[in-house]
$ cat protein21.cif   # mmCIF, C-alpha atoms
data_target
loop_
_atom_site.label_atom_id
_atom_site.label_comp_id
_atom_site.auth_asym_id
_atom_site.auth_seq_id
_atom_site.Cartn_x
_atom_site.Cartn_y
_atom_site.Cartn_z
CA MET A 1270 0.00 0.00 0.00
CA PRO A 1271 1.41 3.45 -0.91
CA GLU A 1272 2.82 5.35 2.06
CA ILE A 1273 0.43 8.27 1.70
CA LEU A 1274 -2.57 5.92 1.98
CA VAL A 1275 -1.11 4.39 5.14
CA GLN A 1276 -0.60 7.88 6.56
CA TYR A 1277 -4.26 8.81 6.02
CA GLU A 1278 -5.78 5.35 6.42
CA ALA A 1279 -8.05 6.25 9.36
CA GLU A 1280 -9.39 9.37 7.62
CA ILE A 1281 -9.93 7.48 4.36
CA TRP A 1282 -11.99 4.76 6.07
CA GLN A 1283 -13.97 7.42 7.89
CA SER A 1284 -14.72 9.23 4.61
CA ILE A 1285 -15.76 5.94 2.96
CA GLY A 1286 -18.08 5.28 5.90
CA GLU A 1287 -19.60 8.76 5.56
CA THR A 1288 -20.20 8.23 1.84
CA ILE A 1289 -21.83 4.84 2.50
CA THR A 1290 -24.08 6.44 5.14
CA MET A 1291 -25.19 9.26 2.86
CA VAL A 1292 -25.76 6.98 -0.13
CA GLY A 1293 -27.48 4.37 2.06
CA VAL A 1294 -30.00 6.91 3.38
CA SER A 1295 -30.59 8.11 -0.19
CA ILE A 1296 -31.29 4.55 -1.36
CA LEU A 1297 -33.77 4.00 1.49
CA ALA A 1298 -35.55 7.27 0.67
CA ALA A 1299 -35.67 6.36 -3.02
CA ILE A 1300 -37.18 2.92 -2.37
CA LEU A 1301 -39.51 3.76 0.52
CA ILE A 1302 -40.82 7.08 -0.84
CA GLY A 1303 -39.59 7.51 -4.41
CA LEU A 1304 -41.05 4.18 -5.56
CA PRO A 1305 -44.59 4.95 -4.25
CA VAL A 1306 -44.42 8.52 -5.60
CA GLY A 1307 -43.36 7.30 -9.03
CA THR A 1308 -46.10 4.67 -8.96
CA LEU A 1309 -48.70 7.30 -8.05
CA LEU A 1310 -47.43 9.54 -10.85
CA PHE A 1311 -48.04 6.67 -13.25
CA LEU A 1312 -51.43 5.65 -11.87
CA SER A 1313 -52.82 9.20 -11.70
CA ARG A 1314 -51.95 10.05 -15.31
CA LYS A 1315 -54.78 10.64 -17.78
CA GLY A 1316 -56.33 7.36 -18.89
CA HIS A 1317 -54.72 5.31 -16.13
CA LEU A 1318 -56.10 3.30 -13.24
CA LEU A 1319 -56.33 6.10 -10.64
CA GLU A 1320 -56.70 9.04 -13.03
CA ASN A 1321 -56.53 12.26 -11.05
CA PRO A 1322 -55.36 15.41 -12.88
CA TRP A 1323 -54.88 17.39 -9.68
CA ALA A 1324 -52.79 14.74 -7.92
CA PHE A 1325 -50.71 14.17 -11.04
CA SER A 1326 -50.15 17.88 -11.67
CA ILE A 1327 -49.05 18.58 -8.09
CA LEU A 1328 -46.71 15.58 -7.84
CA ASN A 1329 -45.33 16.20 -11.32
CA LEU A 1330 -44.65 19.87 -10.51
CA LEU A 1331 -42.91 19.04 -7.21
CA VAL A 1332 -40.69 16.42 -8.83
CA ASN A 1333 -39.80 18.76 -11.69
CA ILE A 1334 -38.99 21.65 -9.34
CA ILE A 1335 -36.68 19.53 -7.16
CA ARG A 1336 -34.96 17.96 -10.16
CA SER A 1337 -34.43 21.35 -11.81
CA PHE A 1338 -32.54 22.77 -8.80
CA PRO A 1339 -28.74 22.73 -9.17
CA PHE A 1340 -27.86 20.37 -6.31
CA LEU A 1341 -25.51 22.77 -4.51
CA LEU A 1342 -28.22 25.44 -4.46
CA LEU A 1343 -30.73 22.87 -3.20
CA VAL A 1344 -28.40 22.01 -0.32
CA VAL A 1345 -28.09 25.68 0.65
CA PHE A 1346 -31.82 26.32 0.17
CA LEU A 1347 -32.71 23.43 2.49
CA ILE A 1348 -30.39 24.48 5.33
CA PRO A 1349 -33.24 25.98 7.45
CA PHE A 1350 -35.38 22.86 6.89
CA THR A 1351 -32.43 20.60 7.68
CA ARG A 1352 -31.74 22.52 10.89
CA LEU A 1353 -35.42 22.25 11.83
CA ILE A 1354 -35.63 18.45 11.60
CA ILE A 1355 -32.05 17.44 12.48
CA GLY A 1356 -31.14 20.23 14.88
CA THR A 1357 -28.06 21.18 12.90
CA ALA A 1358 -27.15 21.96 9.31
CA ILE A 1359 -23.62 20.54 9.59
CA GLY A 1360 -22.42 16.95 9.50
CA THR A 1361 -23.22 13.67 7.78
CA ALA A 1362 -26.73 13.41 9.26
CA ALA A 1363 -27.57 16.90 8.00
CA ALA A 1364 -26.17 16.07 4.57
CA CYS A 1365 -28.59 13.14 4.34
CA VAL A 1366 -31.62 15.46 4.23
CA PRO A 1367 -31.05 17.14 0.83
CA LEU A 1368 -29.68 13.85 -0.52
CA ALA A 1369 -32.87 12.03 0.52
CA ILE A 1370 -35.06 14.70 -1.07
CA ILE A 1371 -33.22 14.65 -4.40
CA ALA A 1372 -33.19 10.83 -4.24
CA ILE A 1373 -36.99 10.73 -3.97
CA ALA A 1374 -37.46 13.09 -6.92
CA HIS A 1375 -34.80 11.41 -9.03
CA TYR A 1376 -35.97 7.83 -8.58
CA SER A 1377 -39.71 8.60 -8.70
CA ARG A 1378 -39.29 9.90 -12.24
CA LEU A 1379 -37.36 6.80 -13.30
CA VAL A 1380 -40.04 4.60 -11.70
CA GLU A 1381 -42.74 6.41 -13.66
CA GLN A 1382 -40.81 5.92 -16.90
CA SER A 1383 -40.27 2.21 -16.19
CA LEU A 1384 -43.97 1.67 -15.51
CA LEU A 1385 -44.91 3.52 -18.68
CA ASP A 1386 -42.94 0.88 -20.60
CA VAL A 1387 -45.28 -1.86 -19.32
CA PRO A 1388 -47.67 -2.85 -22.14
CA LYS A 1389 -51.21 -1.59 -21.54
CA GLY A 1390 -52.47 -5.06 -22.34
CA VAL A 1391 -50.95 -6.35 -19.10
CA ILE A 1392 -52.98 -3.90 -17.03
CA GLU A 1393 -56.14 -4.54 -19.03
CA ALA A 1394 -55.70 -8.31 -18.55
CA ALA A 1395 -55.23 -7.82 -14.81
CA ILE A 1396 -58.37 -5.71 -14.51
CA SER A 1397 -60.40 -8.19 -16.57
CA MET A 1398 -59.38 -10.91 -14.09
CA GLY A 1399 -60.79 -8.82 -11.25
CA ALA A 1400 -57.46 -7.74 -9.80
CA SER A 1401 -57.57 -4.97 -7.20
CA VAL A 1402 -55.44 -1.84 -7.54
CA LYS A 1403 -52.97 -3.33 -5.05
CA ASP A 1404 -52.77 -6.55 -7.06
CA VAL A 1405 -52.27 -4.65 -10.31
CA ILE A 1406 -49.36 -2.76 -8.75
CA PHE A 1407 -47.55 -5.59 -6.97
CA LYS A 1408 -48.44 -8.64 -9.07
CA PHE A 1409 -48.39 -7.10 -12.53
CA LEU A 1410 -46.78 -3.64 -12.82
CA TYR A 1411 -43.78 -4.23 -10.57
CA VAL A 1412 -43.28 -7.74 -11.93
CA GLU A 1413 -43.30 -6.57 -15.56
CA ALA A 1414 -41.14 -3.51 -14.83
CA ARG A 1415 -38.73 -5.16 -12.36
CA SER A 1416 -35.71 -5.04 -14.67
CA GLY A 1417 -36.24 -1.35 -15.49
CA LEU A 1418 -36.80 -0.54 -11.82
CA VAL A 1419 -33.48 -2.15 -10.88
CA LEU A 1420 -31.62 -0.38 -13.67
CA GLY A 1421 -33.26 2.90 -12.64
CA LEU A 1422 -32.18 2.38 -9.04
CA THR A 1423 -28.65 1.57 -10.20
CA THR A 1424 -28.50 4.80 -12.19
CA SER A 1425 -29.89 6.69 -9.19
CA ILE A 1426 -27.31 5.22 -6.79
CA ILE A 1427 -24.49 6.35 -9.06
CA SER A 1428 -26.04 9.83 -9.10
CA PHE A 1429 -26.29 9.76 -5.29
CA ILE A 1430 -22.56 9.01 -5.07
CA SER A 1431 -21.89 11.99 -7.33
CA TYR A 1432 -24.16 14.23 -5.25
CA SER A 1433 -22.46 13.07 -2.03
CA THR A 1434 -19.16 14.57 -3.19
CA ILE A 1435 -20.74 18.03 -2.92
CA MET A 1436 -21.74 17.59 0.72
CA GLY A 1437 -18.48 19.03 2.01
CA VAL A 1438 -20.22 22.41 1.70
CA VAL A 1439 -22.25 21.53 4.81
CA GLY A 1440 -19.50 19.51 6.48
CA GLY A 1441 -21.06 16.24 5.35
CA GLY A 1442 -17.73 14.59 4.75
CA GLY A 1443 -17.35 11.65 2.39
CA ILE A 1444 -14.76 10.62 -0.17
CA GLY A 1445 -15.23 13.69 -2.35
CA ASP A 1446 -14.86 16.07 0.57
CA PHE A 1447 -11.74 14.22 1.72
CA ALA A 1448 -10.22 14.43 -1.78
CA ILE A 1449 -10.80 18.21 -1.90
CA ARG A 1450 -9.60 18.99 1.65
CA TYR A 1451 -6.56 16.72 1.79
CA GLY A 1452 -5.76 16.25 -1.88
CA TYR A 1453 -6.58 19.50 -3.64
CA GLN A 1454 -6.32 22.15 -0.91
CA GLN A 1455 -3.14 20.68 0.58
CA PHE A 1456 -1.65 20.03 -2.87
CA LYS A 1457 -1.40 16.26 -2.32
CA THR A 1458 -2.29 15.38 -5.91
CA GLU A 1459 -1.36 11.73 -5.47
CA LEU A 1460 -3.84 11.36 -2.61
CA MET A 1461 -6.58 13.02 -4.66
CA ILE A 1462 -5.93 10.63 -7.54
CA TYR A 1463 -6.26 7.63 -5.21
CA MET A 1464 -9.63 8.95 -3.98
CA ILE A 1465 -10.81 9.36 -7.57
CA ILE A 1466 -9.76 5.77 -8.28
CA ILE A 1467 -11.77 4.57 -5.25
CA MET A 1468 -14.82 6.45 -6.54
CA ILE A 1469 -14.42 4.96 -10.03
CA ILE A 1470 -14.12 1.43 -8.62
CA LEU A 1471 -17.19 1.97 -6.42
CA VAL A 1472 -19.28 3.24 -9.34
CA GLN A 1473 -18.14 0.43 -11.66
CA LEU A 1474 -18.95 -2.18 -8.99
CA ILE A 1475 -22.46 -0.80 -8.44
CA GLN A 1476 -23.10 -0.61 -12.19
CA PHE A 1477 -21.91 -4.20 -12.66
CA ILE A 1478 -24.05 -5.54 -9.82
CA GLY A 1479 -27.13 -3.57 -10.89
CA THR A 1480 -26.83 -4.64 -14.53
CA ALA A 1481 -26.28 -8.28 -13.53
CA ILE A 1482 -29.36 -8.30 -11.27
CA ALA A 1483 -31.50 -6.61 -13.93
CA ARG A 1484 -30.39 -9.14 -16.53
CA MET A 1485 -31.03 -12.04 -14.17
CA ILE A 1486 -34.61 -11.02 -13.30
CA ASP A 1487 -35.56 -9.94 -16.83
CA LYS A 1488 -37.67 -12.83 -18.12
CA ARG A 1489 -38.76 -11.15 -21.35
#
$ encode --input "protein21.cif" --output "structure tokens"
Amino acid sequence: MPEILVQYEAEIWQSIGETITMVGVSILAAILIGLPVGTLLFLSRKGHLLENPWAFSILNLLVNIIRSFPFLLLVVFLIPFTRLIIGTAIGTAAACVPLAIIAIAHYSRLVEQSLLDVPKGVIEAAISMGASVKDVIFKFLYVEARSGLVLGLTTSIISFISYSTIMGVVGGGGIGDFAIRYGYQQFKTELMIYMIIIMIILVQLIQFIGTAIARMIDKR
């Protein structure tokens, strides 16, 4: 192991842990909230099972507004809200708030797009068999769209990792923040390059796993 990595080993592991925490919270928010929001966006569209123009318009507007924010500005904009619910606007826990919000908006849109790819005949067949709305969602829509949902989540996770590198602005830490503070600002270019390599390996690993799972569960 290069000497500079040994010198900063404790800090590197801490930054990796902070990145995993931030990305982990983002993934939970995406699955627990983003998936239902994306599903509701799909179902409330015109001509769909739970058609509701008002619900669709409001959700669609909120998702678009959040996604249109440059992420750094979103982080700064949410500082009062973050302080309100966390008690502080600094640290890894505080960084998780804007990351969770962008995760919900990001993944909900990908969920909607994946569900739109499901043939209408599948839904019509489910309804003709007397399936309830819950059954249509869990036994037909999610089953048919499972590969796209996994690929969408994979893409989202990679975006979350990218977003997490910005969280140094609120003292969130993470690999990106470490690379800037110790590598760039202290002119330790070699250390910064090693952190970039770690990020590349992490992204490639996630992409490989996500693609493999999507391919494995795709029965089409």
$ residues_around --input "protein21.cif" --residues "Gly1316 (chain A)" --least-positions-apart "4" --cutoff "12 Å" --atoms "all atoms listed in the file" --output "PDB file with C-alpha atoms, in the coordinates of the input"
ATOM      1  CA  PHE A1311     -48.040   6.670 -13.250  1.00  0.00           C
ATOM      2  CA  LEU A1312     -51.430   5.650 -11.870  1.00  0.00           C
ATOM      3  CA  GLU A1320     -56.700   9.040 -13.030  1.00  0.00           C
ATOM      4  CA  ASN A1321     -56.530  12.260 -11.050  1.00  0.00           C
ATOM      5  CA  PRO A1322     -55.360  15.410 -12.880  1.00  0.00           C
ATOM      6  CA  PHE A1325     -50.710  14.170 -11.040  1.00  0.00           C
ATOM      7  CA  LYS A1389     -51.210  -1.590 -21.540  1.00  0.00           C
ATOM      8  CA  ILE A1392     -52.980  -3.900 -17.030  1.00  0.00           C
ATOM      9  CA  GLU A1393     -56.140  -4.540 -19.030  1.00  0.00           C
TER      10      GLU A1393
END
$ residues_near_point --input "protein21.cif" --point "(-8.6, 18.6, 2.5)" --cutoff "12 Å" --atoms "all atoms listed in the file" --output "ChimeraX atom specification"
/A:1277,1280-1281,1284,1437,1440,1442-1458,1460-1461,1464
$ atom_distance --input "protein21.cif" --atom1 "CA of Leu1309 (chain A)" --atom2 "CA of Val1345 (chain A)"
29.0 Å
$ closest_residue --input "protein21.cif" --among "A:Leu1368, A:Leu1331, A:Leu1347, A:Leu1353" --to "Phe1429 (chain A)" --atoms "only C-alpha atoms"
A:Leu1368
$ closest_residue --input "protein21.cif" --among "A:Leu1418, A:Leu1301, A:Met1468, A:Ile1285" --to "Gln1382 (chain A)" --atoms "only C-alpha atoms"
A:Leu1418
$ resolve_selection --input "protein21.cif" --expression "the PyMOL selection byres ((chain A and resi 1416) around 12)" --output "PyMOL selection string"
chain A and resi 1380+1383-1384+1386-1387+1410-1415+1417-1423+1479-1489
$ atom_distance --input "protein21.cif" --atom1 "CA of Arg1378 (chain A)" --atom2 "CA of Val1306 (chain A)"
8.5 Å
$ decode --input "protein21.cif" --residues "region 1380-1392 of chain A" --atoms "N, CA and C atoms" --output "short mmCIF file (atom, residue, chain, number, x, y, z; two decimals), in the first residue's frame"
data_model
loop_
_atom_site.label_atom_id
_atom_site.label_comp_id
_atom_site.auth_asym_id
_atom_site.auth_seq_id
_atom_site.Cartn_x
_atom_site.Cartn_y
_atom_site.Cartn_z
N VAL A 1380 -39.00 5.60 -11.94
CA VAL A 1380 -40.04 4.60 -11.70
C VAL A 1380 -41.20 4.83 -12.66
N GLU A 1381 -41.64 6.08 -12.76
CA GLU A 1381 -42.74 6.41 -13.66
C GLU A 1381 -42.42 5.98 -15.09
N GLN A 1382 -41.21 6.27 -15.54
CA GLN A 1382 -40.81 5.92 -16.90
C GLN A 1382 -40.77 4.41 -17.10
N SER A 1383 -40.31 3.67 -16.10
CA SER A 1383 -40.27 2.21 -16.19
C SER A 1383 -41.67 1.63 -16.28
N LEU A 1384 -42.60 2.17 -15.49
CA LEU A 1384 -43.97 1.67 -15.51
C LEU A 1384 -44.68 2.01 -16.81
N LEU A 1385 -44.32 3.14 -17.40
CA LEU A 1385 -44.91 3.52 -18.68
C LEU A 1385 -44.50 2.55 -19.80
N ASP A 1386 -43.41 1.84 -19.60
CA ASP A 1386 -42.94 0.88 -20.60
C ASP A 1386 -43.70 -0.45 -20.52
N VAL A 1387 -44.49 -0.63 -19.45
CA VAL A 1387 -45.28 -1.86 -19.32
C VAL A 1387 -46.43 -1.82 -20.33
N PRO A 1388 -46.58 -2.85 -21.14
CA PRO A 1388 -47.67 -2.85 -22.14
C PRO A 1388 -49.04 -2.66 -21.49
N LYS A 1389 -49.87 -1.84 -22.10
CA LYS A 1389 -51.21 -1.59 -21.54
C LYS A 1389 -52.04 -2.85 -21.46
N GLY A 1390 -51.74 -3.80 -22.35
CA GLY A 1390 -52.47 -5.06 -22.34
C GLY A 1390 -52.32 -5.82 -21.05
N VAL A 1391 -51.18 -5.67 -20.38
CA VAL A 1391 -50.95 -6.35 -19.10
C VAL A 1391 -51.92 -5.83 -18.05
N ILE A 1392 -52.07 -4.50 -18.01
CA ILE A 1392 -52.98 -3.90 -17.03
C ILE A 1392 -54.42 -4.26 -17.35
#
